[in-house]
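These notes are about the structure you will find just below.
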Amino acid sequence: MVSAYRNDSPPLGQSAAIGRAFKRALVSQCHPAMLFAVLLPFLIALVGAILMMWFFWTPLTDWLRMELARWGAVDRVDDWLATVGMFSLKLYVTPIIAAAILLPASGVLGLAIAAVFVMPLVLRHLERSDYPGLARQGRNAVAVSVWNAMWVSLVFAAGWVLTLPLWLVPPMAIVLHVLWWAFAFSRMLRVDAIVDHANPVERRLLLARHNLSFWGMGLICAFINLLPPAWVVLPVYGSLVYAHYGLDALARLRGERTIDV
C-alpha cells in the first residue's frame, strides 16, 4: 500500500531537515489546539513534582543526611565552614541534591505523558494541516508507545541518580544534564512520532537511517531545556519537532519505493 500523500519538495540534507522541522514545529505550536495541548504535560509534571515533594522529600533528605555523614571529607569541610562562621554545607547541599533528584523525575514524567497522550493529538493535527493522506500503517502503536515511554523513563531516572556524584566535577553538571535529557527526548519522541504511521519495517529503517538526526534534535531540545521557562512548552514543542521530521522522512521513504500492483 502506497500513501496518497506526496512530498514534492527537493531532498534536504539532515541538518537542513532538522532546521525545517524546528521551524515547522514553531508554526504548529502557535495553533490554538497545540497551545491548549501544552497544559496537559505541564500540569502532570507540576502535580507530579508536588506529590513527589510531599511524599518523598522528608525520607529522601533524611537518607541523604545519613549518607553525607559517612563522608569524612564532608564533615571536615562542614566543621571548617562552621569555624569561620559560614553556612553549614550539609544544611544546603541536602535539599539541593533532593531537588536535583525529584524535579527531573517529574520532568521526565511530563515528557512521557506528552509522548503517550499528547503525541496522538499532535499527529492528528499535523495530518490535517501538513500531511494529508499520509496513510497510517502502524501496528500495536499504543503498546509500543507505552513500553517505550516506560523503559526510557526508568533508564533516565536510574542513570540520572547514579551519575549525580559526577556533578561535583566541573563542568559535568551541565554535560550530564544535556546528555541525559538528549537521551530522553531522542529515545522517547522519535518512536512516538512515527509509530502510528510507519509499519514495523519502515520504523526500523527510519530509526536506523535518521539515528544521528534524532539525537541531534534531542541535543538541541536538551540545551533549550536548560532554560526553566522552556519547561512549560518543551514537551509539546519537542513532540511537534519530532513529528514533523518523522512524518516528512516517512513520506520521502515511501516516495522511494517501487509501486507494487
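By order in the C-alpha cells, chains are A, B, ...; within a chain, residues start at 1; ligands start at 1, following the order shown.
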Quick one: residues within 6 Å of segment 236-246 of chain A, only C-alpha atoms counted, chain neighbours fewer than 6 positions away excluded, as a PyMOL selection string? chain A and resi 21-22+25+38+190+193-194
Run DSSP on the backbone of this structure and report the residues of segment 97-165 of chain A it assigns to alpha helix (DSSP H), as JSON, numbers by chain. {"A": [97, 98, 99, 100, 101, 102, 103, 104, 105, 106, 107, 108, 109, 110, 111, 112, 113, 119, 120, 121, 122, 123, 124, 125, 126, 127, 128, 129, 141, 142, 143, 144, 145, 146, 147, 148, 149, 150, 151, 152, 153, 154, 155, 156, 157, 158, 159, 160, 161, 162]}
Using only C-alpha atoms, which protein or nucleic acid residues come within 9 Å of segment 203-212 of chain A? Drop anything in the same chain fewer than 5 positions from it, and give the result as an MDAnalysis selection string. chainID A and resid 14 138 186 190:191 194:195 197:198 217 246 249:250 253
Write the residues you've just listed into a file as a tab-separated table (two decimals), in the first residue's frame, and include C-alpha atoms for each of them.
chain	number	residue	atom	x	y	z
A	14	GLN	CA	19.93	16.09	7.53
A	138	GLY	CA	1.45	1.26	12.24
A	186	SER	CA	15.57	11.26	21.37
A	190	ARG	CA	11.35	9.50	17.81
A	191	VAL	CA	9.35	6.31	18.27
A	194	ILE	CA	6.22	7.54	13.57
A	195	VAL	CA	4.67	4.56	15.38
A	197	HIS	CA	2.02	5.78	10.54
A	198	ALA	CA	5.07	3.61	9.85
A	217	MET	CA	17.24	17.17	17.70
A	246	GLY	CA	9.46	11.78	11.31
A	249	ALA	CA	11.06	11.31	6.48
A	250	LEU	CA	8.37	8.65	6.20
A	253	LEU	CA	10.84	6.91	2.26
Which polymer residues have any atom within 8 Å of an atom of Phe185 of chain A, counting only C-alpha atoms, with same-chain residues fewer than 2 positions away left out, as a ChimeraX atom specification? /A:111,181-183,187-190,218,221-222,238
Please, could you write that set of residues out with C-alpha atoms as a PDB file, in the first residue's frame?
ATOM      1  CA  LEU A 111       7.658  14.129  28.736  1.00  0.00           C
ATOM      2  CA  TRP A 181      17.827  14.897  28.507  1.00  0.00           C
ATOM      3  CA  ALA A 182      19.035  14.358  24.942  1.00  0.00           C
ATOM      4  CA  PHE A 183      18.628  10.633  25.601  1.00  0.00           C
ATOM      5  CA  ARG A 187      14.673   7.758  22.535  1.00  0.00           C
ATOM      6  CA  MET A 188      11.138   8.657  23.594  1.00  0.00           C
ATOM      7  CA  LEU A 189       9.812  11.024  20.928  1.00  0.00           C
ATOM      8  CA  ARG A 190      11.352   9.503  17.812  1.00  0.00           C
ATOM      9  CA  GLY A 218      17.427  15.680  21.192  1.00  0.00           C
ATOM     10  CA  CYS A 221      15.951  20.241  22.928  1.00  0.00           C
ATOM     11  CA  ALA A 222      18.222  19.369  25.866  1.00  0.00           C
ATOM     12  CA  GLY A 238       9.586  18.702  21.102  1.00  0.00           C
TER      13      GLY A 238
END
I'd like the contact shell of Leu103 of chain A - 7 Å cut-off, only C-alpha atoms, skipping same-chain residues fewer than 4 positions apart - returned as an mmCIF file with N, CA, C and O atoms, in the first residue's frame.
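Output file around-v9.cif follows:
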data_model
loop_
_atom_site.group_PDB
_atom_site.id
_atom_site.type_symbol
_atom_site.label_atom_id
_atom_site.label_comp_id
_atom_site.auth_asym_id
_atom_site.auth_seq_id
_atom_site.Cartn_x
_atom_site.Cartn_y
_atom_site.Cartn_z
ATOM 1 N N ALA A 49 5.496 16.828 40.557
ATOM 2 C CA ALA A 49 6.510 17.449 41.407
ATOM 3 C C ALA A 49 5.972 17.693 42.814
ATOM 4 O O ALA A 49 6.662 17.434 43.814
ATOM 5 N N ALA A 99 16.299 18.059 45.454
ATOM 6 C CA ALA A 99 15.602 18.713 44.347
ATOM 7 C C ALA A 99 16.142 18.244 43.002
ATOM 8 O O ALA A 99 15.387 18.069 42.038
ATOM 9 N N GLY A 107 9.855 15.981 35.598
ATOM 10 C CA GLY A 107 10.006 16.451 34.225
ATOM 11 C C GLY A 107 9.920 15.334 33.205
ATOM 12 O O GLY A 107 9.249 15.465 32.181
#
Here is a test: counting only C-alpha atoms, which residue of A:Val27, A:Val108, A:Met34, A:Ala157 is nearest to Trp231 of chain A? A:Val108
Excluding segment 224-230 of chain A and any residue of its chain fewer than 4 positions from it, enumerate the residues within 9 Å of it, using only C-alpha atoms, and give them as a ChimeraX atom specification. /A:174,177-178,181,219-220,234
Calculated over only C-alpha atoms, which of the candidates A:Pro200, A:Trp167, A:Ala114, A:Val161 has the smallest distance to Asn140 of chain A? A:Pro200
